[in-house]
>>> print(open('coords-v6.txt').read())   # compact mmCIF, C-alpha atoms
# COMPACT_ATOMS: atom_id res chain seq x y z
CA MET A 145 253.52 145.97 -59.41
CA VAL A 146 252.28 142.44 -58.83
CA LYS A 147 254.79 140.59 -56.69
CA LYS A 148 255.26 136.87 -57.21
CA ILE A 149 255.49 135.18 -53.82
CA ASP A 150 255.90 131.73 -52.29
CA GLY A 151 254.45 130.23 -49.10
CA GLN A 152 256.86 131.98 -46.76
CA ALA A 153 256.33 135.44 -48.19
CA PHE A 154 252.60 134.78 -48.27
CA GLU A 155 252.64 134.33 -44.48
CA SER A 156 254.96 137.23 -43.74
CA GLU A 157 253.85 139.77 -46.35
CA ALA A 158 250.48 139.09 -47.93
CA LYS A 159 248.78 138.14 -44.66
CA ASN A 160 250.04 141.31 -42.99
CA ALA A 161 249.04 143.72 -45.74
CA GLU A 162 246.16 146.08 -44.94
CA VAL A 163 244.48 145.08 -48.19
CA ALA A 164 245.94 142.42 -50.45
CA VAL A 165 244.77 141.02 -53.76
CA VAL A 166 246.30 137.63 -54.44
CA ASP A 167 246.26 136.27 -57.98
CA PHE A 168 246.24 132.46 -57.88
CA ASN A 169 247.49 131.26 -61.25
CA ALA A 170 249.56 128.72 -63.14
CA THR A 171 251.91 128.99 -66.09
CA TRP A 172 249.83 126.65 -68.28
CA CYS A 173 246.53 128.44 -67.66
CA GLY A 174 245.54 130.57 -70.68
CA PRO A 175 243.10 132.94 -68.95
CA CYS A 176 245.67 133.48 -66.17
CA ARG A 177 248.21 134.68 -68.72
CA MET A 178 245.68 137.14 -70.11
CA LEU A 179 244.71 138.35 -66.65
CA SER A 180 248.22 139.12 -65.43
CA PRO A 181 248.86 142.22 -67.64
CA VAL A 182 245.39 143.50 -66.68
CA LEU A 183 246.20 143.08 -63.00
CA GLU A 184 249.58 144.70 -63.52
CA SER A 185 247.84 147.73 -64.95
CA ILE A 186 245.36 147.85 -62.04
CA SER A 187 248.22 147.64 -59.57
CA GLU A 188 249.64 150.83 -61.04
CA GLU A 189 246.31 152.53 -60.47
CA LEU A 190 245.56 151.21 -56.98
CA GLY A 191 249.05 150.33 -55.76
CA ASP A 192 249.02 152.94 -52.98
CA GLN A 193 245.97 151.36 -51.34
CA VAL A 194 246.29 147.69 -52.19
CA SER A 195 249.20 145.24 -52.29
CA PHE A 196 249.17 142.87 -55.23
CA TYR A 197 250.63 139.37 -55.16
CA ALA A 198 250.76 136.38 -57.48
CA VAL A 199 250.85 132.78 -56.27
CA ASP A 200 251.56 129.82 -58.55
CA VAL A 201 249.15 127.06 -57.48
CA ASP A 202 251.46 124.30 -58.71
CA GLU A 203 254.33 125.57 -56.57
CA ASN A 204 252.09 126.39 -53.61
CA PRO A 205 249.22 123.89 -53.45
CA GLU A 206 248.85 124.36 -49.69
CA ILE A 207 247.98 128.07 -49.99
CA ALA A 208 245.54 127.31 -52.80
CA ALA A 209 243.90 124.69 -50.59
CA GLU A 210 243.77 127.05 -47.60
CA TYR A 211 241.83 129.59 -49.65
CA ARG A 212 239.73 126.93 -51.36
CA VAL A 213 240.93 127.82 -54.80
CA GLN A 214 239.22 125.28 -57.05
CA SER A 215 239.39 127.17 -60.30
CA ILE A 216 241.92 129.59 -61.73
CA PRO A 217 242.50 132.39 -62.39
CA ASN A 218 241.22 133.27 -58.96
CA LEU A 219 241.74 136.59 -57.20
CA VAL A 220 241.39 136.56 -53.44
CA LEU A 221 240.98 139.87 -51.67
CA MET A 222 241.96 139.86 -48.05
CA LYS A 223 242.46 142.33 -45.26
CA LYS A 224 245.19 141.55 -42.72
CA GLY A 225 245.09 137.96 -43.89
CA ALA A 226 241.33 137.57 -43.48
CA PHE A 227 239.40 136.44 -46.54
CA VAL A 228 237.02 139.15 -47.80
CA ASP A 229 235.97 138.19 -51.31
CA GLN A 230 237.10 136.34 -54.40
CA SER A 231 236.78 136.91 -58.13
CA ILE A 232 236.88 133.85 -60.34
CA GLY A 233 237.99 133.82 -63.96
CA PHE A 234 239.21 136.53 -66.31
CA LYS A 235 237.49 139.89 -66.03
CA PRO A 236 238.14 143.16 -67.86
CA GLN A 237 240.04 145.90 -66.07
CA ALA A 238 237.04 148.13 -65.37
CA ALA A 239 235.11 145.28 -63.74
CA LEU A 240 238.05 144.23 -61.57
CA THR A 241 238.87 147.77 -60.51
CA ALA A 242 235.24 148.25 -59.47
CA TRP A 243 235.34 144.94 -57.58
CA ILE A 244 238.45 145.96 -55.65
CA ARG A 245 237.18 149.48 -54.92
CA GLY A 246 233.90 148.03 -53.73
CA ASN A 247 235.78 146.01 -51.14
CA LEU A 248 238.00 148.79 -49.83
CA MET B 134 249.76 137.13 -86.68
CA ASP B 135 248.94 140.78 -87.24
CA ARG B 136 246.23 142.43 -85.23
CA ALA B 137 242.98 142.66 -87.23
CA ASP B 138 240.84 145.79 -87.19
CA ILE B 139 237.67 143.75 -86.78
CA ALA B 140 237.31 140.11 -85.78
CA VAL B 141 233.89 138.79 -86.73
CA ILE B 142 232.92 135.59 -84.92
CA GLY B 143 230.20 133.67 -86.71
CA THR B 144 229.34 132.97 -90.33
CA GLY B 145 225.55 133.30 -90.37
CA PRO B 146 223.83 136.25 -92.09
CA ALA B 147 224.81 138.68 -89.28
CA GLY B 148 228.50 137.81 -89.30
CA LEU B 149 228.75 137.73 -93.10
CA GLU B 150 227.09 141.12 -93.51
CA ALA B 151 229.36 142.55 -90.80
CA ALA B 152 232.42 141.16 -92.61
CA ILE B 153 231.21 142.55 -95.94
CA THR B 154 230.50 146.02 -94.56
CA GLY B 155 233.78 146.11 -92.65
CA THR B 156 235.71 145.09 -95.78
CA LEU B 157 233.92 147.69 -97.91
CA ARG B 158 234.99 150.29 -95.34
CA ASN B 159 238.60 149.23 -95.89
CA LYS B 160 239.07 147.62 -92.53
CA LYS B 161 241.17 144.52 -92.04
CA VAL B 162 238.55 141.90 -91.21
CA LEU B 163 239.19 138.49 -89.69
CA LEU B 164 236.11 136.33 -90.28
CA LEU B 165 236.03 133.32 -87.96
CA GLY B 166 233.58 130.48 -88.34
CA SER B 167 232.68 127.59 -90.55
CA ALA B 168 233.40 127.31 -94.27
CA ASP B 169 229.93 125.77 -94.53
CA LEU B 170 228.57 129.13 -93.27
CA SER B 171 225.64 128.54 -90.90
CA MET B 172 224.09 125.06 -90.58
CA LYS B 173 220.91 126.68 -89.39
CA LEU B 174 220.71 128.68 -92.62
CA VAL B 175 221.79 125.86 -94.93
CA ARG B 176 219.14 123.56 -93.48
CA ALA B 177 216.35 126.14 -93.67
CA HIS B 178 213.65 124.71 -95.88
CA GLU B 179 212.31 127.88 -97.40
CA ILE B 180 212.69 131.53 -96.44
CA GLN B 181 209.88 133.74 -97.64
CA ASN B 182 210.73 137.21 -96.40
CA TYR B 183 214.35 137.82 -97.38
CA LEU B 184 214.33 140.94 -99.53
CA GLY B 185 215.10 140.18 -103.16
CA PHE B 186 214.93 136.40 -102.72
CA PRO B 187 211.27 135.31 -102.70
CA ALA B 188 210.73 131.75 -101.46
CA VAL B 189 214.42 130.92 -101.38
CA ARG B 190 215.79 127.68 -99.97
CA GLY B 191 218.37 128.18 -97.21
CA GLU B 192 220.94 126.30 -99.25
CA ASP B 193 220.52 128.69 -102.20
CA LEU B 194 220.66 131.78 -100.02
CA ALA B 195 223.90 130.44 -98.52
CA LYS B 196 225.30 130.04 -102.06
CA ALA B 197 224.40 133.64 -102.83
CA PHE B 198 226.14 134.74 -99.62
CA GLN B 199 229.23 132.74 -100.55
CA ALA B 200 229.32 134.33 -104.01
CA HIS B 201 229.16 137.75 -102.34
CA LEU B 202 232.13 136.88 -100.11
CA ASP B 203 234.07 135.55 -103.11
CA GLN B 204 233.40 138.70 -105.09
CA LEU B 205 234.98 140.78 -102.32
CA GLY B 206 237.75 138.26 -101.66
CA ILE B 207 236.67 137.63 -98.07
CA GLY B 208 237.97 134.34 -96.72
CA ILE B 209 236.75 132.40 -93.72
CA THR B 210 239.20 131.32 -91.05
CA GLU B 211 237.95 128.04 -89.65
CA GLU B 212 238.65 128.37 -85.96
CA ARG B 213 236.54 127.68 -82.93
CA VAL B 214 236.93 130.64 -80.58
CA SER B 215 236.67 129.48 -76.98
CA ALA B 216 237.23 132.80 -75.21
CA VAL B 217 237.48 136.52 -75.95
CA TYR B 218 239.47 138.62 -73.50
CA ALA B 219 239.02 142.38 -73.30
CA MET B 220 242.60 143.54 -72.80
CA GLY B 221 241.89 147.27 -72.81
CA ASP B 222 242.95 148.63 -76.20
CA TYR B 223 242.53 145.30 -77.98
CA PHE B 224 240.94 141.87 -77.70
CA ALA B 225 242.66 138.51 -77.43
CA LEU B 226 240.76 135.59 -78.94
CA GLN B 227 241.59 132.10 -77.80
CA ALA B 228 241.31 129.73 -80.76
CA GLY B 229 242.55 126.28 -79.81
CA GLU B 230 246.16 126.78 -78.74
CA LYS B 231 246.42 130.00 -80.71
CA MET B 232 245.79 133.50 -79.46
CA LEU B 233 244.46 135.86 -82.15
CA GLU B 234 244.28 139.63 -81.76
CA ALA B 235 241.84 142.27 -82.96
CA ARG B 236 241.10 145.92 -82.16
CA THR B 237 237.36 145.30 -82.20
CA VAL B 238 235.17 142.20 -82.04
CA ILE B 239 231.75 141.54 -83.53
CA LEU B 240 229.94 138.61 -81.96
CA ALA B 241 227.56 136.90 -84.38
CA THR B 242 227.58 133.38 -83.03
CA GLY B 243 223.83 132.83 -83.01
CA VAL B 244 221.79 131.92 -80.01
CA VAL B 245 222.84 129.11 -77.75
CA GLN B 246 220.15 126.49 -77.47
CA GLY B 247 219.97 124.41 -74.35
CA LYS B 248 219.67 125.32 -70.75
CA ARG B 249 222.16 125.16 -67.96
CA LEU B 250 221.77 122.59 -65.25
CA PRO B 251 220.23 123.76 -62.00
CA GLY B 252 223.09 124.51 -59.61
CA GLU B 253 225.59 124.94 -62.42
CA GLU B 254 226.05 128.69 -62.56
CA GLU B 255 226.03 129.42 -58.82
CA ASN B 256 228.76 126.85 -58.17
CA LEU B 257 231.00 127.89 -61.05
CA GLY B 258 234.58 128.04 -59.76
CA ARG B 259 233.40 126.54 -56.47
CA GLY B 260 233.18 122.95 -57.61
CA VAL B 261 231.87 123.41 -61.15
CA SER B 262 234.34 124.03 -63.96
CA TYR B 263 234.00 124.56 -67.69
CA CYS B 264 237.63 123.82 -68.48
CA ALA B 265 239.23 120.47 -67.76
CA THR B 266 242.69 121.48 -68.92
CA CYS B 267 242.55 124.70 -66.83
CA ASP B 268 241.49 123.24 -63.53
CA ALA B 269 242.77 119.66 -63.72
CA SER B 270 245.76 120.17 -61.44
CA LEU B 271 243.48 121.48 -58.68
CA VAL B 272 241.62 118.15 -58.52
CA LYS B 273 244.65 115.88 -58.78
CA GLY B 274 244.05 112.57 -57.00
CA LYS B 275 240.36 113.34 -56.40
CA LYS B 276 237.19 111.76 -57.70
CA VAL B 277 235.55 113.96 -60.32
CA ALA B 278 232.60 113.91 -62.69
CA VAL B 279 232.30 115.08 -66.28
CA VAL B 280 228.98 116.04 -67.81
CA GLY B 281 229.67 115.86 -71.55
CA TYR B 282 227.29 117.22 -74.17
CA SER B 283 229.12 115.82 -77.21
CA ALA B 284 231.47 112.97 -78.07
CA ARG B 285 234.25 115.55 -78.34
CA GLU B 286 234.28 115.78 -74.53
CA GLU B 287 235.26 112.12 -74.12
CA ALA B 288 238.85 113.15 -74.74
CA GLU B 289 238.60 115.57 -71.80
CA ALA B 290 237.33 112.78 -69.52
CA ALA B 291 240.21 110.58 -70.68
CA PHE B 292 242.63 113.42 -69.94
CA LEU B 293 241.23 113.80 -66.41
CA SER B 294 241.49 110.04 -65.86
CA GLU B 295 245.28 110.40 -66.10
CA ILE B 296 245.43 112.49 -62.94
CA CYS B 297 242.25 111.47 -61.10
CA PRO B 298 241.71 107.93 -59.76
CA GLU B 299 238.06 107.89 -60.72
CA VAL B 300 236.10 109.85 -63.31
CA LEU B 301 232.33 109.55 -63.60
CA TYR B 302 231.28 110.38 -67.14
CA PHE B 303 227.70 111.46 -67.74
CA PRO B 304 227.09 111.54 -71.50
CA MET B 305 224.19 113.85 -72.40
CA TYR B 306 224.05 112.34 -75.90
CA PRO B 307 223.48 108.78 -77.15
CA GLY B 308 226.39 106.39 -77.64
CA THR B 309 229.94 106.61 -76.28
CA SER B 310 233.25 105.23 -77.51
CA PRO B 311 235.46 103.00 -75.34
CA MET B 312 237.09 104.96 -72.51
CA PRO B 313 240.01 104.36 -70.14
CA GLU B 314 239.38 101.86 -67.33
CA ASN B 315 238.95 104.40 -64.55
CA VAL B 316 236.35 106.39 -66.47
CA LYS B 317 232.96 105.11 -65.44
CA VAL B 318 230.38 105.83 -68.12
CA MET B 319 227.04 106.42 -66.43
CA ALA B 320 223.79 105.25 -67.92
CA GLU B 321 221.80 108.04 -66.25
CA LYS B 322 221.66 111.67 -67.34
CA ALA B 323 222.67 114.48 -65.01
CA THR B 324 219.68 116.63 -64.11
CA ALA B 325 221.07 118.94 -61.43
CA LEU B 326 224.21 119.87 -59.50
CA GLU B 327 224.35 120.72 -55.84
CA LYS B 328 226.99 121.68 -53.32
CA LYS B 329 226.73 119.74 -50.10
CA ASP B 330 229.21 119.47 -47.20
CA GLY B 331 232.05 120.77 -49.37
CA ALA B 332 231.44 118.15 -52.07
CA MET B 333 229.55 118.46 -55.33
CA LEU B 334 226.60 116.19 -55.95
CA VAL B 335 225.67 115.17 -59.46
CA LYS B 336 221.98 114.39 -59.33
CA THR B 337 220.22 112.13 -61.76
CA GLY B 338 216.60 111.12 -61.68
CA GLU B 339 216.90 108.85 -58.65
CA LYS B 340 220.45 109.07 -57.37
CA ALA B 341 223.06 111.62 -56.26
CA TYR B 342 226.78 111.04 -56.82
CA PRO B 343 229.25 112.92 -54.58
CA VAL B 344 232.49 114.10 -56.23
CA GLU B 345 235.16 116.73 -55.60
CA ALA B 346 234.41 118.68 -58.77
CA VAL B 347 232.15 118.55 -61.81
CA PHE B 348 233.30 119.51 -65.30
CA VAL B 349 230.41 120.62 -67.48
CA LEU B 350 231.58 120.56 -71.10
CA ARG B 351 229.51 121.66 -74.08
CA ASP B 352 230.17 122.71 -77.67
CA ALA B 353 228.20 125.90 -77.54
CA VAL B 354 229.26 128.36 -74.91
CA ALA B 355 226.95 131.03 -73.54
CA PRO B 356 227.98 134.58 -74.52
CA GLY B 357 228.85 135.60 -70.96
CA GLN B 358 231.14 132.60 -70.75
CA LEU B 359 232.71 133.27 -74.16
CA VAL B 360 233.47 136.89 -73.25
CA PRO B 361 234.20 137.33 -69.54
CA GLY B 362 232.68 140.58 -68.29
CA LEU B 363 230.06 140.81 -71.03
CA GLU B 364 226.63 141.96 -69.92
CA THR B 365 223.91 139.53 -70.95
CA GLU B 366 220.17 139.06 -70.55
CA GLY B 367 219.44 135.38 -70.41
CA ALA B 368 220.96 133.78 -73.50
CA HIS B 369 221.34 137.15 -75.24
CA VAL B 370 223.97 139.88 -75.28
CA LYS B 371 222.71 143.22 -74.07
CA VAL B 372 223.22 145.78 -76.86
CA ASN B 373 221.92 149.23 -77.75
CA ARG B 374 220.66 150.39 -81.14
CA ARG B 375 224.25 150.75 -82.34
CA MET B 376 224.84 147.09 -81.43
CA GLU B 377 227.33 148.17 -78.76
CA SER B 378 227.78 145.88 -75.77
CA ASN B 379 228.91 147.07 -72.33
CA LEU B 380 232.53 146.42 -73.37
CA PRO B 381 233.97 149.24 -75.51
CA GLY B 382 234.99 147.88 -78.91
CA LEU B 383 232.82 144.79 -78.68
CA PHE B 384 229.61 144.58 -80.70
CA ALA B 385 226.99 141.87 -81.20
CA CYS B 386 224.46 141.19 -83.93
CA GLY B 387 222.00 138.57 -85.14
CA ASP B 388 220.17 135.99 -83.04
CA ILE B 389 222.62 136.48 -80.18
CA THR B 390 221.07 139.90 -79.46
CA GLY B 391 217.56 138.48 -79.12
CA THR B 392 214.33 137.88 -81.00
CA PRO B 393 212.99 138.04 -83.67
CA TYR B 394 215.25 135.29 -85.03
CA GLN B 395 214.96 136.41 -88.64
CA TYR B 396 217.67 136.25 -91.33
CA ILE B 397 217.03 139.75 -92.66
CA LYS B 398 217.08 141.22 -89.14
CA ALA B 399 220.39 139.45 -88.49
CA ALA B 400 221.94 140.81 -91.68
CA GLY B 401 220.71 144.32 -90.87
CA GLU B 402 222.22 144.17 -87.42
CA GLY B 403 225.48 142.90 -88.91
CA ASN B 404 225.58 146.03 -91.03
CA ILE B 405 225.03 148.28 -87.99
CA ALA B 406 227.60 146.43 -85.88
CA ALA B 407 230.27 146.81 -88.58
CA LEU B 408 229.54 150.53 -89.04
CA SER B 409 229.73 151.02 -85.27
CA ALA B 410 233.05 149.15 -85.19
CA VAL B 411 234.35 151.34 -88.02
CA SER B 412 233.40 154.53 -86.21
CA TYR B 413 234.95 153.20 -82.98
CA LEU B 414 238.19 152.50 -84.87
CA ASP B 415 238.18 155.88 -86.59
CA GLN B 416 237.65 157.71 -83.29
CA ARG B 417 240.57 155.88 -81.72
CA LYS B 418 242.87 156.88 -84.56
CA ASN B 419 242.71 160.55 -83.62
>>> encode(input="coords-v6.txt", output="structure tokens")
Amino acid sequence: MVKKIDGQAFESEAKNAEVAVVDFNATWCGPCRMLSPVLESISEELGDQVSFYAVDVDENPEIAAEYRVQSIPNLVLMKKGAFVDQSIGFKPQAALTAWIRGNL
Amino acid sequence: MDRADIAVIGTGPAGLEAAITGTLRNKKVLLLGSADLSMKLVRAHEIQNYLGFPAVRGEDLAKAFQAHLDQLGIGITEERVSAVYAMGDYFALQAGEKMLEARTVILATGVVQGKRLPGEEENLGRGVSYCATCDASLVKGKKVAVVGYSAREEAEAAFLSEICPEVLYFPMYPGTSPMPENVKVMAEKATALEKKDGAMLVKTGEKAYPVEAVFVLRDAVAPGQLVPGLETEGAHVKVNRRMESNLPGLFACGDITGTPYQYIKAAGEGNIAALSAVSYLDQRKN
């Protein structure tokens, strides 16, 4: 499952997760809408190792700024709140799964 | 709209042959492109090595192609596809505001002429964007630049000027129409992009203009940009002899797969791509 979170939950949950993948998106962004079912499917596969979150950049501009999100969709992978890597734009499931596994 | 079996993108010899072969194999084909077929073909002065048509003018060959489509009742859907998303068991094709769906995709869009700017690719998503409407809200209130390769992009600069106080517009073509007041049309051409101290620099011959973000907007999109995740080699899609790309269910044919840029080679590859798509579809059925 990909959990939609706001600023508060981002601090308390996402930043404390061992490994978190945060999907920065917006409702009006076409590629973001296509990416979300793909990420949902990946979360079913990797959910026991990675926590998945979604952040709306319009509702949470400060988090987007903190992680220097300048283009969406934008996946940020972090460990215990520390930035590890990011993946910009839509990517197919196999490519994203490999990207996440490569960062575990 | 119903999901097509095969979406063919491009109406040059490769795309048309793919659509014809797919249709003859009883697949539901969605042919996307221009009703004028391929401008490159239509403008060809004389083609001397197309089997069965000695010394044929491009215009006449295009007419013969059109007659072939008509005979099989194949119509052309005039849509400009801006992105193809591999969703797993199907593909979603962004066409304007619409999202079309197909089980397989055959790319036959021809080869993209024109190089990228130095510094463009490495800063993509880090200050360089290809989509004004996608990333506009992230640059709200900031100074931005637009490098536009056709007059069509002026509307994008005008759109950005609604949310950004200043927009520098670098037209890469001659002549611009009147623009909103806060769009500054530059007389110089952009030659390179560079990231410096968190800002993007648009470099021209002599000067460098610092902005928050640069939008590089062109008509023709490179294949890797059209299909995120697609493996490419330079301007070409990497395919095997069966015209399969690295993405299952996605095939490419014609100039987009590489040289020689010959009409008969393109048509032949279109045939292979369609047969490969058919066998992919048939395997999935079981």
>>> residues_around(input="coords-v6.txt", residues="Val165 in chain A", least_positions_apart="4", cutoff="6 Å", atoms="all atoms listed in the file", output="ChimeraX atom specification")
/A:196,220-221
>>> closest_residue(input="coords-v6.txt", among="B:Val335, B:Ile142, B:Leu301, B:Leu271", to="Asn169 in chain A", atoms="only C-alpha atoms")
B:Leu271
>>> closest_residue(input="coords-v6.txt", among="A:Phe168, A:Arg177, A:Ala208, A:Asn160", to="Gln227 in chain B", atoms="all atoms listed in the file")
A:Arg177
>>> atom_distance(input="coords-v6.txt", atom1="CA of Gly221 in chain B", atom2="CA of Asn373 in chain B")
20.7 Å
>>> interface_residues(input="coords-v6.txt", of="chain B", to="chain A", cutoff="10 Å", atoms="all atoms listed in the file", output="number ranges by chain")
B: 216-221, 225, 227, 230, 232, 257-264, 266-272, 345-346, 358, 360-363, 380
>>> build_atoms(input="coords-v6.txt", residues="range 183-201 of chain A", atoms="N, CA and C atoms", output="PDB file, in the coordinates of the input")
ATOM      1  N   LEU A 183     245.984 142.859 -64.429  1.00  0.00           N
ATOM      2  CA  LEU A 183     246.200 143.080 -63.000  1.00  0.00           C
ATOM      3  C   LEU A 183     247.396 144.002 -62.761  1.00  0.00           C
ATOM      4  N   GLU A 184     248.401 143.837 -63.601  1.00  0.00           N
ATOM      5  CA  GLU A 184     249.580 144.700 -63.520  1.00  0.00           C
ATOM      6  C   GLU A 184     249.174 146.160 -63.693  1.00  0.00           C
ATOM      7  N   SER A 185     248.305 146.378 -64.667  1.00  0.00           N
ATOM      8  CA  SER A 185     247.840 147.730 -64.950  1.00  0.00           C
ATOM      9  C   SER A 185     246.977 148.276 -63.795  1.00  0.00           C
ATOM     10  N   ILE A 186     246.172 147.424 -63.196  1.00  0.00           N
ATOM     11  CA  ILE A 186     245.360 147.850 -62.040  1.00  0.00           C
ATOM     12  C   ILE A 186     246.258 148.184 -60.854  1.00  0.00           C
ATOM     13  N   SER A 187     247.327 147.419 -60.710  1.00  0.00           N
ATOM     14  CA  SER A 187     248.220 147.640 -59.570  1.00  0.00           C
ATOM     15  C   SER A 187     248.886 149.008 -59.657  1.00  0.00           C
ATOM     16  N   GLU A 188     249.073 149.494 -60.884  1.00  0.00           N
ATOM     17  CA  GLU A 188     249.640 150.830 -61.040  1.00  0.00           C
ATOM     18  C   GLU A 188     248.646 151.895 -60.599  1.00  0.00           C
ATOM     19  N   GLU A 189     247.371 151.590 -60.801  1.00  0.00           N
ATOM     20  CA  GLU A 189     246.310 152.530 -60.470  1.00  0.00           C
ATOM     21  C   GLU A 189     246.003 152.521 -58.963  1.00  0.00           C
ATOM     22  N   LEU A 190     246.011 151.340 -58.376  1.00  0.00           N
ATOM     23  CA  LEU A 190     245.560 151.210 -56.980  1.00  0.00           C
ATOM     24  C   LEU A 190     246.690 150.819 -56.021  1.00  0.00           C
ATOM     25  N   GLY A 191     247.909 150.830 -56.526  1.00  0.00           N
ATOM     26  CA  GLY A 191     249.050 150.330 -55.760  1.00  0.00           C
ATOM     27  C   GLY A 191     249.261 151.010 -54.411  1.00  0.00           C
ATOM     28  N   ASP A 192     248.807 152.261 -54.256  1.00  0.00           N
ATOM     29  CA  ASP A 192     249.020 152.940 -52.980  1.00  0.00           C
ATOM     30  C   ASP A 192     248.036 152.475 -51.902  1.00  0.00           C
ATOM     31  N   GLN A 193     246.957 151.817 -52.332  1.00  0.00           N
ATOM     32  CA  GLN A 193     245.970 151.360 -51.340  1.00  0.00           C
ATOM     33  C   GLN A 193     245.962 149.848 -51.167  1.00  0.00           C
ATOM     34  N   VAL A 194     246.409 149.153 -52.187  1.00  0.00           N
ATOM     35  CA  VAL A 194     246.290 147.690 -52.190  1.00  0.00           C
ATOM     36  C   VAL A 194     247.634 147.072 -52.574  1.00  0.00           C
ATOM     37  N   SER A 195     248.006 145.986 -51.894  1.00  0.00           N
ATOM     38  CA  SER A 195     249.200 145.240 -52.290  1.00  0.00           C
ATOM     39  C   SER A 195     248.782 144.081 -53.182  1.00  0.00           C
ATOM     40  N   PHE A 196     249.514 143.906 -54.265  1.00  0.00           N
ATOM     41  CA  PHE A 196     249.170 142.870 -55.230  1.00  0.00           C
ATOM     42  C   PHE A 196     250.209 141.754 -55.233  1.00  0.00           C
ATOM     43  N   TYR A 197     249.733 140.527 -55.165  1.00  0.00           N
ATOM     44  CA  TYR A 197     250.630 139.370 -55.160  1.00  0.00           C
ATOM     45  C   TYR A 197     250.158 138.324 -56.156  1.00  0.00           C
ATOM     46  N   ALA A 198     251.090 137.509 -56.595  1.00  0.00           N
ATOM     47  CA  ALA A 198     250.760 136.380 -57.480  1.00  0.00           C
ATOM     48  C   ALA A 198     251.298 135.100 -56.860  1.00  0.00           C
ATOM     49  N   VAL A 199     250.460 134.068 -56.840  1.00  0.00           N
ATOM     50  CA  VAL A 199     250.850 132.780 -56.270  1.00  0.00           C
ATOM     51  C   VAL A 199     250.622 131.696 -57.325  1.00  0.00           C
ATOM     52  N   ASP A 200     251.679 130.937 -57.613  1.00  0.00           N
ATOM     53  CA  ASP A 200     251.560 129.820 -58.550  1.00  0.00           C
ATOM     54  C   ASP A 200     250.988 128.612 -57.787  1.00  0.00           C
ATOM     55  N   VAL A 201     249.823 128.132 -58.231  1.00  0.00           N
ATOM     56  CA  VAL A 201     249.150 127.060 -57.480  1.00  0.00           C
ATOM     57  C   VAL A 201     249.891 125.723 -57.559  1.00  0.00           C
TER      58      VAL A 201
END
